[in-house]
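Right, one structure below, let's go through it.
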Amino acid sequence: MTIKSFHPPQRTLMGPGPSDVNPRVLEALGRPTIGHLDPLFVGMMDEVKGLLQYAFQTRNELTMPVSAPGSAGMESCFVNLVEPGDKVIICQNGVFGGRMKENVERCGGVAVMVQDDWGRAVDPQKLEDALKANRDTKVVAFVHAETSTGAQSDVKTLVEIAHRYDALTIVDAVTSLAGTTLLVDEWDVDAIYSGTQKCLSCTPGLSPVSFNERALEKIKQRKHKVQSWFMDLNLVMGYWGSGIKRSYHHTAPVNALYGLHEALVILNEEGLANAWARHHKYHLALRAGIEAMGLSFVVPEAERLPQLNAVTLPAGVDDAQVRSMLLNEYQLEIGAGLGVMAGKVWRIGLMGHTCNNRNVLLCLHALDDVLGRLKAPITRGVAVAAAQQKLAE
Ligand SMILES: *Cc1c(COP(=O)(O)O)cnc(C)c1O
């Protein structure tokens, strides 16, 4: 057997990530590789920082992409801000809060879990109660956009509460960045991480992070070395920091950063507020079609994310069979439920480049067709028209 070059098919990615990558980003990835200390490359890195500050709406000097996927951004925040013995409150309302707990414990911290129902936003009152009962809490962490359920939490309120009790905040914005309103400075978030493969519509593998002065102060006052050499911001800053001669830390993923640069240029051209509005608009169109079909959303309306739509399966339908028909017949990927929601919900992503007119209609048509042939209890032939009507309003 000879192994040949790999040529993936052209799919439409409407799952929880990765999302469709803009062709301009794919083209940028194939440009000539230059040295990572080449002055031209260093100049591009500075532009990436500036564009990320725009995307996060922050002036934080320490804003940069970690050279690894969103999970590494998460780890970067925890290993730098949590010291052995530190108490950390984690508000969990889905899968990703569980990973935060793992991170805290591996840093030698003490995780205090505040549980909310899956499919709901984090409850600020529960956080306040937990802080009253744990006055020695050093850090509060939670997910802005819970990709496992499609719920959106109120970052501004949660950060305000944490600060009243002198705790720093770590916010997961992997799915929210560029898809829904996120104002890092105005909301006074201390440390935040995101990913490139969701609403930025870049390839997977990089994790934008941002730390404010309060977070930097905590890092400078650490008594213990950060246990991860690669993630230690004291060292990474020598590479990404500005106004200093860049010193070798690791070899930046040169071409991946061309891709991120292009994705951020595209976001800048569209304008952040326009990108948020676009996600909202197509979410409403998708919703009109889904509801016309007779299917329902998992998350209450006021707590719903536009870019991740968790929809309950119709009765008697086999989850995996539907998704494989969509993939094979329509080249369309939607996401399965995670954890307690496995087999019960689909997660339909409308992230970044994926979030457009054509894909909303394609997804509704494909679901209508496949579910109809499987004799699922849905109202047939109405979803596409309902979405079109919403778009015409
Ligand atoms: C996708 C995701 C992550 C992890 O990002 P990777 O790029 O897969 O490592 C973390 N948190 C949330 C909320 C996510 O949606």
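The chains in the structure tokens are called A, B, ... from first to last as shown; in each chain the residues are counted from 1, and the ligands are counted from 1 in the order shown.
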| task | For A:Glu303, please output as an MDAnalysis selection string all residues within 8 Å (counting only C-alpha atoms; exclusion window: fewer than 6 positions along the same chain). | result | chainID A and resid 120:121 151:153
Residues of chain A at most 7 Å from ligand 1: nearest atom pair and distance in Å, only C-alpha atoms and all ligand atoms, as JSON lines:
{"residue": "A:Pro16", "atom": "CA", "partner": "ligand 1", "partner_atom_place_in_ligand_line": "15 (O)", "distance": 6.8}
{"residue": "A:Gly17", "atom": "CA", "partner": "ligand 1", "partner_atom_place_in_ligand_line": "1 (C)", "distance": 6.5}
{"residue": "A:Pro69", "atom": "CA", "partner": "ligand 1", "partner_atom_place_in_ligand_line": "7 (O)", "distance": 4.0}
{"residue": "A:Gly70", "atom": "CA", "partner": "ligand 1", "partner_atom_place_in_ligand_line": "5 (O)", "distance": 3.5}
{"residue": "A:Ser71", "atom": "CA", "partner": "ligand 1", "partner_atom_place_in_ligand_line": "9 (O)", "distance": 3.6}
{"residue": "A:Ala72", "atom": "CA", "partner": "ligand 1", "partner_atom_place_in_ligand_line": "9 (O)", "distance": 6.4}
{"residue": "A:Phe96", "atom": "CA", "partner": "ligand 1", "partner_atom_place_in_ligand_line": "11 (N)", "distance": 5.6}
{"residue": "A:Val143", "atom": "CA", "partner": "ligand 1", "partner_atom_place_in_ligand_line": "13 (C)", "distance": 6.1}
{"residue": "A:Ala145", "atom": "CA", "partner": "ligand 1", "partner_atom_place_in_ligand_line": "13 (C)", "distance": 5.9}
{"residue": "A:Glu146", "atom": "CA", "partner": "ligand 1", "partner_atom_place_in_ligand_line": "13 (C)", "distance": 5.0}
{"residue": "A:Thr147", "atom": "CA", "partner": "ligand 1", "partner_atom_place_in_ligand_line": "15 (O)", "distance": 4.5}
{"residue": "A:Asp172", "atom": "CA", "partner": "ligand 1", "partner_atom_place_in_ligand_line": "13 (C)", "distance": 6.0}
{"residue": "A:Ala173", "atom": "CA", "partner": "ligand 1", "partner_atom_place_in_ligand_line": "13 (C)", "distance": 6.5}
{"residue": "A:Val174", "atom": "CA", "partner": "ligand 1", "partner_atom_place_in_ligand_line": "12 (C)", "distance": 4.9}
{"residue": "A:Thr175", "atom": "CA", "partner": "ligand 1", "partner_atom_place_in_ligand_line": "15 (O)", "distance": 4.9}
{"residue": "A:Gly195", "atom": "CA", "partner": "ligand 1", "partner_atom_place_in_ligand_line": "7 (O)", "distance": 5.4}
{"residue": "A:Gln197", "atom": "CA", "partner": "ligand 1", "partner_atom_place_in_ligand_line": "7 (O)", "distance": 6.5}
{"residue": "A:Pro204", "atom": "CA", "partner": "ligand 1", "partner_atom_place_in_ligand_line": "7 (O)", "distance": 6.0}
{"residue": "A:Gly205", "atom": "CA", "partner": "ligand 1", "partner_atom_place_in_ligand_line": "7 (O)", "distance": 6.2}
| task | Find the residues around A:Phe78 up to 12 Å (only C-alpha atoms counted), leave out those fewer than 4 positions away in its own chain, and share them as number ranges by chain. | result | A: 71-74, 82-84, 86-88, 90, 99-109, 111, 138-142, 168-172, 190-193, 209, 211, 215, 218-219, 226-228, 231-233
All residues 8 Å or closer to A:Gly289, only C-alpha atoms, same chain fewer than 3 positions away omitted, as an mmCIF file with N, CA and C atoms, in the first residue's frame:
data_model
loop_
_atom_site.group_PDB
_atom_site.id
_atom_site.type_symbol
_atom_site.label_atom_id
_atom_site.label_comp_id
_atom_site.auth_asym_id
_atom_site.auth_seq_id
_atom_site.Cartn_x
_atom_site.Cartn_y
_atom_site.Cartn_z
ATOM 1 N N ALA A 285 -32.695 33.667 12.727
ATOM 2 C CA ALA A 285 -33.229 32.986 11.537
ATOM 3 C C ALA A 285 -33.227 31.468 11.748
ATOM 4 N N LEU A 286 -32.125 30.958 12.283
ATOM 5 C CA LEU A 286 -32.050 29.514 12.544
ATOM 6 C C LEU A 286 -33.131 29.113 13.542
ATOM 7 N N ALA A 292 -40.214 26.336 13.936
ATOM 8 C CA ALA A 292 -41.289 26.020 12.989
ATOM 9 C C ALA A 292 -41.380 24.507 12.777
ATOM 10 N N MET A 293 -40.231 23.863 12.815
ATOM 11 C CA MET A 293 -40.169 22.406 12.653
ATOM 12 C C MET A 293 -40.778 21.679 13.855
ATOM 13 N N LEU A 364 -31.186 23.935 7.826
ATOM 14 C CA LEU A 364 -32.619 23.693 8.037
ATOM 15 C C LEU A 364 -33.177 22.748 6.969
ATOM 16 N N VAL A 382 -41.498 23.469 6.367
ATOM 17 C CA VAL A 382 -41.798 24.838 6.801
ATOM 18 C C VAL A 382 -40.573 25.599 7.339
ATOM 19 N N ALA A 383 -39.513 24.858 7.666
ATOM 20 C CA ALA A 383 -38.386 25.466 8.374
ATOM 21 C C ALA A 383 -37.666 26.528 7.539
ATOM 22 N N VAL A 384 -37.378 26.188 6.286
ATOM 23 C CA VAL A 384 -36.618 27.112 5.436
ATOM 24 C C VAL A 384 -37.411 28.406 5.225
ATOM 25 N N ALA A 385 -38.703 28.258 4.956
ATOM 26 C CA ALA A 385 -39.544 29.445 4.726
ATOM 27 C C ALA A 385 -39.612 30.315 5.989
ATOM 28 N N ALA A 386 -39.680 29.685 7.156
ATOM 29 C CA ALA A 386 -39.740 30.454 8.408
ATOM 30 C C ALA A 386 -38.462 31.264 8.606
ATOM 31 N N ALA A 387 -37.321 30.661 8.276
ATOM 32 C CA ALA A 387 -36.048 31.369 8.409
ATOM 33 C C ALA A 387 -35.977 32.518 7.399
#
| Taking only C-alpha atoms into account, which of A:Leu200, A:Ala310, A:Leu216, A:Ala315 comes nearest A:Asp20? |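 Smallest separation from A:Asp20 among the options: A:Leu200.
Considering only C-alpha atoms, the residue among A:His249, A:Leu371, A:Pro377, A:Arg278 positioned nearest to A:Pro306 is A:Arg278.
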| query | Looking at A:Ile334, A:Val189, A:Cys199, A:Leu326, which one is nearest to A:Gly352, with distances taken over only C-alpha atoms? | reply | A:Cys199
| field | One-decimal distance in Å that lies between atom CA of A:Lys390 and atom CA of A:Thr354 | value |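 Atom CA of A:Lys390 lies 18.6 Å from atom CA of A:Thr354.
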Pick out the residues sitting within 7 Å of stretch 317-325 of chain A, and hand them over as a tab-separated table (two decimals) with N, CA, C and O atoms, in the first residue's frame; count only C-alpha atoms, and ignore anything fewer than 4 positions along from it in its own chain.
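The result, written out as selection-v5.tsv:
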chain	number	residue	atom	x	y	z
A	313	LEU	N	-33.36	16.77	20.58
A	313	LEU	CA	-33.69	15.80	19.53
A	313	LEU	C	-35.18	15.47	19.56
A	313	LEU	O	-35.77	15.36	20.63
A	329	GLU	N	-24.43	12.93	3.27
A	329	GLU	CA	-25.27	13.39	2.16
A	329	GLU	C	-25.16	14.89	1.91
A	329	GLU	O	-25.37	15.36	0.81
A	334	ILE	N	-22.78	18.81	12.28
A	334	ILE	CA	-23.31	19.46	13.47
A	334	ILE	C	-22.78	18.67	14.67
A	334	ILE	O	-22.28	17.56	14.52
A	343	GLY	N	-26.56	12.30	23.27
A	343	GLY	CA	-27.70	11.57	22.71
A	343	GLY	C	-29.03	12.30	22.84
A	343	GLY	O	-30.03	11.85	22.30
A	370	VAL	N	-33.66	14.98	6.23
A	370	VAL	CA	-33.19	13.76	6.91
A	370	VAL	C	-34.21	13.31	7.97
A	370	VAL	O	-34.57	12.13	8.03
A	376	ALA	N	-39.40	11.21	11.71
A	376	ALA	CA	-39.37	11.86	13.02
A	376	ALA	C	-40.60	12.75	13.16
A	376	ALA	O	-41.12	13.25	12.16
